[in-house]
file input-v2.cif (mmCIF, N, CA and C atoms)
data_target
#
loop_
_atom_site.group_PDB
_atom_site.id
_atom_site.type_symbol
_atom_site.label_atom_id
_atom_site.label_comp_id
_atom_site.auth_asym_id
_atom_site.auth_seq_id
_atom_site.Cartn_x
_atom_site.Cartn_y
_atom_site.Cartn_z
ATOM 1 N N MET D 680 70.283 -48.239 25.679
ATOM 2 C CA MET D 680 69.219 -49.222 25.735
ATOM 3 C C MET D 680 68.549 -49.280 24.365
ATOM 4 N N ALA D 681 68.318 -50.476 23.851
ATOM 5 C CA ALA D 681 67.659 -50.657 22.558
ATOM 6 C C ALA D 681 66.199 -50.270 22.662
ATOM 7 N N LYS D 682 65.658 -49.754 21.595
ATOM 8 C CA LYS D 682 64.253 -49.338 21.549
ATOM 9 C C LYS D 682 63.497 -50.249 20.594
ATOM 10 N N THR D 683 62.289 -50.641 20.968
ATOM 11 C CA THR D 683 61.444 -51.474 20.143
ATOM 12 C C THR D 683 60.253 -50.657 19.675
ATOM 13 N N PRO D 684 60.035 -50.553 18.368
ATOM 14 C CA PRO D 684 58.890 -49.772 17.891
ATOM 15 C C PRO D 684 57.570 -50.509 18.143
ATOM 16 N N ILE D 685 56.527 -49.740 18.412
ATOM 17 C CA ILE D 685 55.183 -50.303 18.514
ATOM 18 C C ILE D 685 54.261 -49.468 17.637
ATOM 19 N N GLN D 686 53.152 -50.030 17.261
ATOM 20 C CA GLN D 686 52.178 -49.307 16.445
ATOM 21 C C GLN D 686 50.826 -49.435 17.131
ATOM 22 N N ILE D 687 50.130 -48.313 17.293
ATOM 23 C CA ILE D 687 48.799 -48.335 17.898
ATOM 24 C C ILE D 687 47.843 -47.551 17.012
ATOM 25 N N ARG D 688 46.578 -47.851 17.122
ATOM 26 C CA ARG D 688 45.546 -47.129 16.380
ATOM 27 C C ARG D 688 44.712 -46.342 17.381
ATOM 28 N N ILE D 689 44.582 -45.030 17.141
ATOM 29 C CA ILE D 689 43.796 -44.182 18.020
ATOM 30 C C ILE D 689 42.954 -43.227 17.201
ATOM 31 N N ASP D 690 41.932 -42.704 17.827
ATOM 32 C CA ASP D 690 41.061 -41.720 17.205
ATOM 33 C C ASP D 690 41.883 -40.482 16.841
ATOM 34 N N PRO D 691 41.754 -39.972 15.610
ATOM 35 C CA PRO D 691 42.557 -38.808 15.193
ATOM 36 C C PRO D 691 42.359 -37.573 16.076
ATOM 37 N N GLU D 692 41.158 -37.333 16.550
ATOM 38 C CA GLU D 692 40.906 -36.164 17.388
ATOM 39 C C GLU D 692 41.571 -36.317 18.749
ATOM 40 N N ILE D 693 41.530 -37.517 19.314
ATOM 41 C CA ILE D 693 42.208 -37.772 20.593
ATOM 42 C C ILE D 693 43.715 -37.607 20.418
ATOM 43 N N LYS D 694 44.247 -38.084 19.291
ATOM 44 C CA LYS D 694 45.685 -37.931 19.034
ATOM 45 C C LYS D 694 46.048 -36.450 18.974
ATOM 46 N N LYS D 695 45.236 -35.661 18.289
ATOM 47 C CA LYS D 695 45.498 -34.226 18.171
ATOM 48 C C LYS D 695 45.495 -33.555 19.545
ATOM 49 N N GLN D 696 44.482 -33.851 20.352
ATOM 50 C CA GLN D 696 44.371 -33.257 21.685
ATOM 51 C C GLN D 696 45.513 -33.715 22.595
ATOM 52 N N ALA D 697 45.832 -35.016 22.541
ATOM 53 C CA ALA D 697 46.894 -35.563 23.383
ATOM 54 C C ALA D 697 48.252 -34.983 22.977
ATOM 55 N N THR D 698 48.487 -34.844 21.679
ATOM 56 C CA THR D 698 49.749 -34.273 21.202
ATOM 57 C C THR D 698 49.917 -32.855 21.711
ATOM 58 N N ALA D 699 48.847 -32.068 21.664
ATOM 59 C CA ALA D 699 48.905 -30.686 22.170
ATOM 60 C C ALA D 699 49.166 -30.673 23.672
ATOM 61 N N LEU D 700 48.487 -31.543 24.416
ATOM 62 C CA LEU D 700 48.687 -31.621 25.860
ATOM 63 C C LEU D 700 50.123 -32.012 26.189
ATOM 64 N N PHE D 701 50.604 -33.077 25.563
ATOM 65 C CA PHE D 701 51.957 -33.551 25.845
ATOM 66 C C PHE D 701 52.989 -32.490 25.479
ATOM 67 N N SER D 702 52.765 -31.800 24.375
ATOM 68 C CA SER D 702 53.676 -30.738 23.958
ATOM 69 C C SER D 702 53.771 -29.652 25.021
ATOM 70 N N SER D 703 52.622 -29.300 25.615
ATOM 71 C CA SER D 703 52.641 -28.279 26.664
ATOM 72 C C SER D 703 53.371 -28.761 27.914
ATOM 73 N N LEU D 704 53.518 -30.065 28.053
ATOM 74 C CA LEU D 704 54.250 -30.647 29.180
ATOM 75 C C LEU D 704 55.704 -30.960 28.821
ATOM 76 N N GLY D 705 56.101 -30.614 27.596
ATOM 77 C CA GLY D 705 57.475 -30.870 27.166
ATOM 78 C C GLY D 705 57.712 -32.305 26.726
ATOM 79 N N LEU D 706 56.646 -33.005 26.366
ATOM 80 C CA LEU D 706 56.759 -34.402 25.941
ATOM 81 C C LEU D 706 56.289 -34.561 24.501
ATOM 82 N N ASP D 707 56.798 -35.582 23.827
ATOM 83 C CA ASP D 707 56.206 -35.982 22.561
ATOM 84 C C ASP D 707 55.378 -37.249 22.831
ATOM 85 N N MET D 708 54.709 -37.741 21.816
ATOM 86 C CA MET D 708 53.839 -38.914 22.000
ATOM 87 C C MET D 708 54.633 -40.115 22.499
ATOM 88 N N SER D 709 55.808 -40.338 21.931
ATOM 89 C CA SER D 709 56.639 -41.469 22.336
ATOM 90 C C SER D 709 57.042 -41.356 23.804
ATOM 91 N N GLY D 710 57.464 -40.171 24.214
ATOM 92 C CA GLY D 710 57.845 -39.964 25.610
ATOM 93 C C GLY D 710 56.685 -40.176 26.555
ATOM 94 N N ALA D 711 55.496 -39.691 26.162
ATOM 95 C CA ALA D 711 54.314 -39.848 27.013
ATOM 96 C C ALA D 711 53.926 -41.323 27.139
ATOM 97 N N VAL D 712 53.979 -42.060 26.035
ATOM 98 C CA VAL D 712 53.644 -43.493 26.082
ATOM 99 C C VAL D 712 54.670 -44.231 26.935
ATOM 100 N N ASN D 713 55.946 -43.899 26.776
ATOM 101 C CA ASN D 713 56.978 -44.529 27.611
ATOM 102 C C ASN D 713 56.740 -44.243 29.085
ATOM 103 N N LEU D 714 56.416 -42.996 29.409
ATOM 104 C CA LEU D 714 56.125 -42.619 30.792
ATOM 105 C C LEU D 714 54.949 -43.433 31.335
ATOM 106 N N PHE D 715 53.897 -43.558 30.543
ATOM 107 C CA PHE D 715 52.734 -44.358 30.936
ATOM 108 C C PHE D 715 53.134 -45.816 31.207
ATOM 109 N N LEU D 716 53.895 -46.406 30.287
ATOM 110 C CA LEU D 716 54.282 -47.809 30.442
ATOM 111 C C LEU D 716 55.186 -48.017 31.654
ATOM 112 N N TYR D 717 56.133 -47.102 31.889
ATOM 113 C CA TYR D 717 56.979 -47.198 33.082
ATOM 114 C C TYR D 717 56.128 -47.134 34.351
ATOM 115 N N GLN D 718 55.153 -46.251 34.377
ATOM 116 C CA GLN D 718 54.290 -46.141 35.555
ATOM 117 C C GLN D 718 53.457 -47.416 35.754
ATOM 118 N N CYS D 719 52.997 -48.013 34.661
ATOM 119 C CA CYS D 719 52.255 -49.279 34.773
ATOM 120 C C CYS D 719 53.115 -50.358 35.419
ATOM 121 N N VAL D 720 54.351 -50.474 34.949
ATOM 122 C CA VAL D 720 55.265 -51.475 35.498
ATOM 123 C C VAL D 720 55.587 -51.159 36.955
ATOM 124 N N LEU D 721 55.880 -49.889 37.250
ATOM 125 C CA LEU D 721 56.217 -49.476 38.611
ATOM 126 C C LEU D 721 55.090 -49.786 39.590
ATOM 127 N N ARG D 722 53.855 -49.549 39.173
ATOM 128 C CA ARG D 722 52.706 -49.729 40.064
ATOM 129 C C ARG D 722 52.086 -51.122 39.982
ATOM 130 N N GLY D 723 52.498 -51.902 39.008
ATOM 131 C CA GLY D 723 51.925 -53.240 38.856
ATOM 132 C C GLY D 723 50.492 -53.199 38.347
ATOM 133 N N GLY D 724 50.167 -52.194 37.582
ATOM 134 C CA GLY D 724 48.824 -52.029 37.024
ATOM 135 C C GLY D 724 48.708 -50.650 36.403
ATOM 136 N N LEU D 725 47.505 -50.273 36.080
ATOM 137 C CA LEU D 725 47.292 -48.949 35.506
ATOM 138 C C LEU D 725 47.544 -47.875 36.565
ATOM 139 N N PRO D 726 48.150 -46.761 36.182
ATOM 140 C CA PRO D 726 48.471 -45.726 37.167
ATOM 141 C C PRO D 726 47.298 -44.789 37.483
ATOM 142 N N PHE D 727 46.092 -45.242 37.230
ATOM 143 C CA PHE D 727 44.881 -44.484 37.527
ATOM 144 C C PHE D 727 43.731 -45.472 37.626
ATOM 145 N N SER D 728 42.653 -45.063 38.271
ATOM 146 C CA SER D 728 41.519 -45.972 38.386
ATOM 147 C C SER D 728 40.699 -45.936 37.094
ATOM 148 N N VAL D 729 40.158 -47.071 36.730
ATOM 149 C CA VAL D 729 39.308 -47.184 35.555
ATOM 150 C C VAL D 729 37.930 -47.585 36.054
ATOM 151 N N GLU D 730 36.973 -46.695 35.852
ATOM 152 C CA GLU D 730 35.628 -46.957 36.352
ATOM 153 C C GLU D 730 34.606 -46.213 35.514
ATOM 154 N N LEU D 731 33.395 -46.697 35.552
ATOM 155 C CA LEU D 731 32.297 -46.006 34.891
ATOM 156 C C LEU D 731 31.764 -44.938 35.828
ATOM 157 N N PRO D 732 31.499 -43.742 35.302
ATOM 158 C CA PRO D 732 30.967 -42.697 36.182
ATOM 159 C C PRO D 732 29.596 -43.079 36.721
ATOM 160 N N GLN D 733 29.367 -42.777 37.978
ATOM 161 C CA GLN D 733 28.086 -43.054 38.623
ATOM 162 C C GLN D 733 27.411 -41.720 38.928
ATOM 163 N N TYR D 734 26.475 -41.326 38.091
ATOM 164 C CA TYR D 734 25.777 -40.056 38.272
ATOM 165 C C TYR D 734 24.482 -40.267 39.042
ATOM 166 N N ASN D 735 24.134 -39.304 39.907
ATOM 167 C CA ASN D 735 22.870 -39.411 40.617
ATOM 168 C C ASN D 735 21.734 -38.950 39.698
ATOM 169 N N GLU D 736 20.507 -39.144 40.124
ATOM 170 C CA GLU D 736 19.343 -38.834 39.291
ATOM 171 C C GLU D 736 19.280 -37.354 38.911
ATOM 172 N N GLU D 737 19.632 -36.477 39.846
ATOM 173 C CA GLU D 737 19.603 -35.037 39.566
ATOM 174 C C GLU D 737 20.594 -34.673 38.451
ATOM 175 N N THR D 738 21.780 -35.252 38.505
ATOM 176 C CA THR D 738 22.791 -34.986 37.477
ATOM 177 C C THR D 738 22.354 -35.543 36.132
ATOM 178 N N LEU D 739 21.797 -36.765 36.130
ATOM 179 C CA LEU D 739 21.309 -37.360 34.883
ATOM 180 C C LEU D 739 20.194 -36.519 34.270
ATOM 181 N N ALA D 740 19.289 -35.998 35.111
ATOM 182 C CA ALA D 740 18.203 -35.150 34.617
ATOM 183 C C ALA D 740 18.752 -33.853 34.031
ATOM 184 N N ALA D 741 19.750 -33.263 34.688
ATOM 185 C CA ALA D 741 20.364 -32.024 34.190
ATOM 186 C C ALA D 741 21.069 -32.270 32.863
ATOM 187 N N MET D 742 21.731 -33.412 32.730
ATOM 188 C CA MET D 742 22.407 -33.745 31.477
ATOM 189 C C MET D 742 21.386 -33.936 30.352
ATOM 190 N N ALA D 743 20.271 -34.589 30.650
ATOM 191 C CA ALA D 743 19.220 -34.793 29.652
ATOM 192 C C ALA D 743 18.606 -33.453 29.247
ATOM 193 N N GLU D 744 18.384 -32.574 30.219
ATOM 194 C CA GLU D 744 17.834 -31.256 29.924
ATOM 195 C C GLU D 744 18.801 -30.441 29.056
ATOM 196 N N ALA D 745 20.070 -30.492 29.371
ATOM 197 C CA ALA D 745 21.075 -29.767 28.578
ATOM 198 C C ALA D 745 21.117 -30.284 27.148
ATOM 199 N N GLU D 746 21.030 -31.578 26.985
ATOM 200 C CA GLU D 746 21.005 -32.181 25.643
ATOM 201 C C GLU D 746 19.770 -31.722 24.875
ATOM 202 N N ARG D 747 18.612 -31.721 25.557
ATOM 203 C CA ARG D 747 17.363 -31.290 24.915
ATOM 204 C C ARG D 747 17.465 -29.827 24.501
ATOM 205 N N ILE D 748 17.945 -28.988 25.396
ATOM 206 C CA ILE D 748 18.047 -27.554 25.116
ATOM 207 C C ILE D 748 19.003 -27.290 23.954
ATOM 208 N N SER D 749 20.141 -27.990 23.946
ATOM 209 C CA SER D 749 21.149 -27.741 22.917
ATOM 210 C C SER D 749 20.683 -28.137 21.518
ATOM 211 N N SER D 750 19.711 -29.043 21.427
ATOM 212 C CA SER D 750 19.237 -29.471 20.107
ATOM 213 C C SER D 750 17.886 -28.870 19.732
ATOM 214 N N ASP D 751 17.294 -28.046 20.613
ATOM 215 C CA ASP D 751 15.985 -27.435 20.362
ATOM 216 C C ASP D 751 16.178 -26.088 19.669
ATOM 217 N N LEU D 752 15.774 -26.009 18.406
ATOM 218 C CA LEU D 752 15.937 -24.779 17.630
ATOM 219 C C LEU D 752 15.060 -23.638 18.140
ATOM 220 N N ASN D 753 14.057 -23.937 18.949
ATOM 221 C CA ASN D 753 13.170 -22.900 19.481
ATOM 222 C C ASN D 753 13.724 -22.226 20.744
ATOM 223 N N VAL D 754 14.788 -22.764 21.295
ATOM 224 C CA VAL D 754 15.380 -22.189 22.500
ATOM 225 C C VAL D 754 16.361 -21.094 22.078
ATOM 226 N N LYS D 755 16.187 -19.916 22.659
ATOM 227 C CA LYS D 755 17.053 -18.769 22.347
ATOM 228 C C LYS D 755 18.482 -19.088 22.746
ATOM 229 N N SER D 756 19.416 -18.727 21.893
ATOM 230 C CA SER D 756 20.829 -18.910 22.216
ATOM 231 C C SER D 756 21.525 -17.552 22.209
ATOM 232 N N TYR D 757 22.691 -17.498 22.820
ATOM 233 C CA TYR D 757 23.430 -16.250 22.963
ATOM 234 C C TYR D 757 24.852 -16.462 22.475
ATOM 235 N N SER D 758 25.409 -15.443 21.844
ATOM 236 C CA SER D 758 26.754 -15.568 21.290
ATOM 237 C C SER D 758 27.826 -15.004 22.220
ATOM 238 N N SER D 759 27.407 -14.368 23.323
ATOM 239 C CA SER D 759 28.383 -13.833 24.267
ATOM 240 C C SER D 759 27.760 -13.755 25.658
ATOM 241 N N MET D 760 28.619 -13.635 26.652
ATOM 242 C CA MET D 760 28.132 -13.491 28.024
ATOM 243 C C MET D 760 27.417 -12.160 28.198
ATOM 244 N N ASP D 761 27.888 -11.113 27.523
ATOM 245 C CA ASP D 761 27.230 -9.805 27.616
ATOM 246 C C ASP D 761 25.800 -9.880 27.090
ATOM 247 N N GLU D 762 25.632 -10.592 25.983
ATOM 248 C CA GLU D 762 24.294 -10.760 25.406
ATOM 249 C C GLU D 762 23.382 -11.523 26.370
ATOM 250 N N LEU D 763 23.899 -12.560 26.996
ATOM 251 C CA LEU D 763 23.129 -13.336 27.968
ATOM 252 C C LEU D 763 22.767 -12.476 29.185
ATOM 253 N N LYS D 764 23.735 -11.720 29.687
ATOM 254 C CA LYS D 764 23.474 -10.872 30.855
ATOM 255 C C LYS D 764 22.393 -9.827 30.537
ATOM 256 N N SER D 765 22.447 -9.261 29.362
ATOM 257 C CA SER D 765 21.425 -8.280 28.951
ATOM 258 C C SER D 765 20.043 -8.915 28.941
ATOM 259 N N ALA D 766 19.962 -10.127 28.403
ATOM 260 C CA ALA D 766 18.673 -10.816 28.355
ATOM 261 C C ALA D 766 18.165 -11.136 29.753
ATOM 262 N N LEU D 767 19.054 -11.500 30.660
ATOM 263 C CA LEU D 767 18.646 -11.811 32.032
ATOM 264 C C LEU D 767 18.180 -10.572 32.778
ATOM 265 N N GLU D 768 18.732 -9.417 32.456
ATOM 266 C CA GLU D 768 18.382 -8.169 33.127
ATOM 267 C C GLU D 768 17.093 -7.552 32.598
ATOM 268 N N GLU D 769 16.600 -8.039 31.457
ATOM 269 C CA GLU D 769 15.361 -7.500 30.878
ATOM 270 C C GLU D 769 14.143 -7.912 31.683
#
call {"tool": "encode", "arguments": {"input": "input-v2.cif", "output": "structure tokens"}}
result
Amino acid sequence: MAKTPIQIRIDPEIKKQATALFSSLGLDMSGAVNLFLYQCVLRGGLPFSVELPQYNEETLAAMAEAERISSDLNVKSYSSMDELKSALEE
């Protein structure tokens, strides 16, 4: 079967992560894209649902709190689980 080349533009970090994932599955990028396209044709659409995540208020508040904590230089941070456990036991 003849092969037709295609060219796509993707984020370099996503390409790096996807290449590592596909490699662990025994695929290269070309094989993974071919597999995706075959599944699209087989199913008559995308082989997965495409939707925006719907988070409840509690989850949104927790995400906002985590963002605030991660950027607050006054919040104590820990470099290991042992260090965190020690602080919790004090």
call {"tool": "atom_distance", "arguments": {"input": "input-v2.cif", "atom1": "CA of Lys682 in chain D", "atom2": "atom C of Ser709 in chain D"}}
result
11.0 Å
call {"tool": "residues_around", "arguments": {"input": "input-v2.cif", "residues": "Phe715 in chain D", "least_positions_apart": "4", "cutoff": "8 Å", "atoms": "only C-alpha atoms", "output": "PDB file with N, CA and C atoms, in the coordinates of the input"}}
result
ATOM      1  N   ALA D 711      55.496 -39.691  26.162  1.00  0.00           N
ATOM      2  CA  ALA D 711      54.314 -39.848  27.013  1.00  0.00           C
ATOM      3  C   ALA D 711      53.926 -41.323  27.139  1.00  0.00           C
ATOM      4  N   CYS D 719      52.997 -48.013  34.661  1.00  0.00           N
ATOM      5  CA  CYS D 719      52.255 -49.279  34.773  1.00  0.00           C
ATOM      6  C   CYS D 719      53.115 -50.358  35.419  1.00  0.00           C
ATOM      7  N   PRO D 726      48.150 -46.761  36.182  1.00  0.00           N
ATOM      8  CA  PRO D 726      48.471 -45.726  37.167  1.00  0.00           C
ATOM      9  C   PRO D 726      47.298 -44.789  37.483  1.00  0.00           C
TER      10      PRO D 726
END
call {"tool": "select_by_dssp", "arguments": {"input": "input-v2.cif", "residues": "chain D", "states": "alpha helix (DSSP H)", "output": "JSON, numbers by chain"}}
result
{"D": [691, 692, 693, 694, 695, 696, 697, 698, 699, 700, 701, 702, 703, 708, 709, 710, 711, 712, 713, 714, 715, 716, 717, 718, 719, 720, 721, 722, 736, 737, 738, 739, 740, 741, 742, 743, 744, 745, 746, 747, 748, 749, 750, 760, 761, 762, 763, 764, 765, 766, 767, 768]}
call {"tool": "write_last_selection", "arguments": {"input": "input-v2.cif", "atoms": "N, CA and C atoms", "output": "compact mmCIF listing (two decimals), keeping the file's coordinate frame"}}
result
# COMPACT_ATOMS: atom_id res chain seq x y z
N PRO D 691 41.75 -39.97 15.61
CA PRO D 691 42.56 -38.81 15.19
C PRO D 691 42.36 -37.57 16.08
N GLU D 692 41.16 -37.33 16.55
CA GLU D 692 40.91 -36.16 17.39
C GLU D 692 41.57 -36.32 18.75
N ILE D 693 41.53 -37.52 19.31
CA ILE D 693 42.21 -37.77 20.59
C ILE D 693 43.72 -37.61 20.42
N LYS D 694 44.25 -38.08 19.29
CA LYS D 694 45.68 -37.93 19.03
C LYS D 694 46.05 -36.45 18.97
N LYS D 695 45.24 -35.66 18.29
CA LYS D 695 45.50 -34.23 18.17
C LYS D 695 45.50 -33.56 19.55
N GLN D 696 44.48 -33.85 20.35
CA GLN D 696 44.37 -33.26 21.68
C GLN D 696 45.51 -33.72 22.60
N ALA D 697 45.83 -35.02 22.54
CA ALA D 697 46.89 -35.56 23.38
C ALA D 697 48.25 -34.98 22.98
N THR D 698 48.49 -34.84 21.68
CA THR D 698 49.75 -34.27 21.20
C THR D 698 49.92 -32.85 21.71
N ALA D 699 48.85 -32.07 21.66
CA ALA D 699 48.90 -30.69 22.17
C ALA D 699 49.17 -30.67 23.67
N LEU D 700 48.49 -31.54 24.42
CA LEU D 700 48.69 -31.62 25.86
C LEU D 700 50.12 -32.01 26.19
N PHE D 701 50.60 -33.08 25.56
CA PHE D 701 51.96 -33.55 25.84
C PHE D 701 52.99 -32.49 25.48
N SER D 702 52.76 -31.80 24.38
CA SER D 702 53.68 -30.74 23.96
C SER D 702 53.77 -29.65 25.02
N SER D 703 52.62 -29.30 25.62
CA SER D 703 52.64 -28.28 26.66
C SER D 703 53.37 -28.76 27.91
N MET D 708 54.71 -37.74 21.82
CA MET D 708 53.84 -38.91 22.00
C MET D 708 54.63 -40.12 22.50
N SER D 709 55.81 -40.34 21.93
CA SER D 709 56.64 -41.47 22.34
C SER D 709 57.04 -41.36 23.80
N GLY D 710 57.46 -40.17 24.21
CA GLY D 710 57.84 -39.96 25.61
C GLY D 710 56.68 -40.18 26.56
N ALA D 711 55.50 -39.69 26.16
CA ALA D 711 54.31 -39.85 27.01
C ALA D 711 53.93 -41.32 27.14
N VAL D 712 53.98 -42.06 26.04
CA VAL D 712 53.64 -43.49 26.08
C VAL D 712 54.67 -44.23 26.94
N ASN D 713 55.95 -43.90 26.78
CA ASN D 713 56.98 -44.53 27.61
C ASN D 713 56.74 -44.24 29.08
N LEU D 714 56.42 -43.00 29.41
CA LEU D 714 56.12 -42.62 30.79
C LEU D 714 54.95 -43.43 31.34
N PHE D 715 53.90 -43.56 30.54
CA PHE D 715 52.73 -44.36 30.94
C PHE D 715 53.13 -45.82 31.21
N LEU D 716 53.90 -46.41 30.29
CA LEU D 716 54.28 -47.81 30.44
C LEU D 716 55.19 -48.02 31.65
N TYR D 717 56.13 -47.10 31.89
CA TYR D 717 56.98 -47.20 33.08
C TYR D 717 56.13 -47.13 34.35
N GLN D 718 55.15 -46.25 34.38
CA GLN D 718 54.29 -46.14 35.56
C GLN D 718 53.46 -47.42 35.75
N CYS D 719 53.00 -48.01 34.66
CA CYS D 719 52.26 -49.28 34.77
C CYS D 719 53.12 -50.36 35.42
N VAL D 720 54.35 -50.47 34.95
CA VAL D 720 55.26 -51.48 35.50
C VAL D 720 55.59 -51.16 36.96
N LEU D 721 55.88 -49.89 37.25
CA LEU D 721 56.22 -49.48 38.61
C LEU D 721 55.09 -49.79 39.59
N ARG D 722 53.86 -49.55 39.17
CA ARG D 722 52.71 -49.73 40.06
C ARG D 722 52.09 -51.12 39.98
N GLU D 736 20.51 -39.14 40.12
CA GLU D 736 19.34 -38.83 39.29
C GLU D 736 19.28 -37.35 38.91
N GLU D 737 19.63 -36.48 39.85
CA GLU D 737 19.60 -35.04 39.57
C GLU D 737 20.59 -34.67 38.45
N THR D 738 21.78 -35.25 38.51
CA THR D 738 22.79 -34.99 37.48
C THR D 738 22.35 -35.54 36.13
N LEU D 739 21.80 -36.76 36.13
CA LEU D 739 21.31 -37.36 34.88
C LEU D 739 20.19 -36.52 34.27
N ALA D 740 19.29 -36.00 35.11
CA ALA D 740 18.20 -35.15 34.62
C ALA D 740 18.75 -33.85 34.03
N ALA D 741 19.75 -33.26 34.69
CA ALA D 741 20.36 -32.02 34.19
C ALA D 741 21.07 -32.27 32.86
N MET D 742 21.73 -33.41 32.73
CA MET D 742 22.41 -33.74 31.48
C MET D 742 21.39 -33.94 30.35
N ALA D 743 20.27 -34.59 30.65
CA ALA D 743 19.22 -34.79 29.65
C ALA D 743 18.61 -33.45 29.25
N GLU D 744 18.38 -32.57 30.22
CA GLU D 744 17.83 -31.26 29.92
C GLU D 744 18.80 -30.44 29.06
N ALA D 745 20.07 -30.49 29.37
CA ALA D 745 21.08 -29.77 28.58
C ALA D 745 21.12 -30.28 27.15
N GLU D 746 21.03 -31.58 26.98
CA GLU D 746 21.00 -32.18 25.64
C GLU D 746 19.77 -31.72 24.88
N ARG D 747 18.61 -31.72 25.56
CA ARG D 747 17.36 -31.29 24.92
C ARG D 747 17.46 -29.83 24.50
N ILE D 748 17.94 -28.99 25.40
CA ILE D 748 18.05 -27.55 25.12
C ILE D 748 19.00 -27.29 23.95
N SER D 749 20.14 -27.99 23.95
CA SER D 749 21.15 -27.74 22.92
C SER D 749 20.68 -28.14 21.52
N SER D 750 19.71 -29.04 21.43
CA SER D 750 19.24 -29.47 20.11
C SER D 750 17.89 -28.87 19.73
N MET D 760 28.62 -13.64 26.65
CA MET D 760 28.13 -13.49 28.02
C MET D 760 27.42 -12.16 28.20
N ASP D 761 27.89 -11.11 27.52
CA ASP D 761 27.23 -9.80 27.62
C ASP D 761 25.80 -9.88 27.09
N GLU D 762 25.63 -10.59 25.98
CA GLU D 762 24.29 -10.76 25.41
C GLU D 762 23.38 -11.52 26.37
N LEU D 763 23.90 -12.56 27.00
CA LEU D 763 23.13 -13.34 27.97
C LEU D 763 22.77 -12.48 29.18
N LYS D 764 23.74 -11.72 29.69
CA LYS D 764 23.47 -10.87 30.86
C LYS D 764 22.39 -9.83 30.54
N SER D 765 22.45 -9.26 29.36
CA SER D 765 21.42 -8.28 28.95
C SER D 765 20.04 -8.91 28.94
N ALA D 766 19.96 -10.13 28.40
CA ALA D 766 18.67 -10.82 28.36
C ALA D 766 18.16 -11.14 29.75
N LEU D 767 19.05 -11.50 30.66
CA LEU D 767 18.65 -11.81 32.03
C LEU D 767 18.18 -10.57 32.78
N GLU D 768 18.73 -9.42 32.46
CA GLU D 768 18.38 -8.17 33.13
C GLU D 768 17.09 -7.55 32.60
call {"tool": "axis_aligned_box", "arguments": {"input": "input-v2.cif", "around": "range 723-735 of chain D", "padding_each_side": "6 Å", "output": "lines of an AutoDock Vina configuration file"}}
result
center_x = 37.1
center_y = -46.1
center_z = 37.8
size_x = 42.8
size_y = 26.3
size_z = 17.7
call {"tool": "atom_distance", "arguments": {"input": "input-v2.cif", "atom1": "atom C of Leu714 in chain D", "atom2": "CA of Leu700 in chain D"}}
result
14.4 Å
call {"tool": "atom_distance", "arguments": {"input": "input-v2.cif", "atom1": "atom C of Lys694 in chain D", "atom2": "CA of Met708 in chain D"}}
result
8.7 Å
call {"tool": "resolve_selection", "arguments": {"input": "input-v2.cif", "expression": "the PyMOL selection byres (((chain D and resi 686 and name CA) around 12) and name CA)", "output": "list of chain:residue names"}}
result
D:Thr683, D:Pro684, D:Ile685, D:Ile687, D:Arg688, D:Ile689, D:Met708, D:Ser709, D:Val712
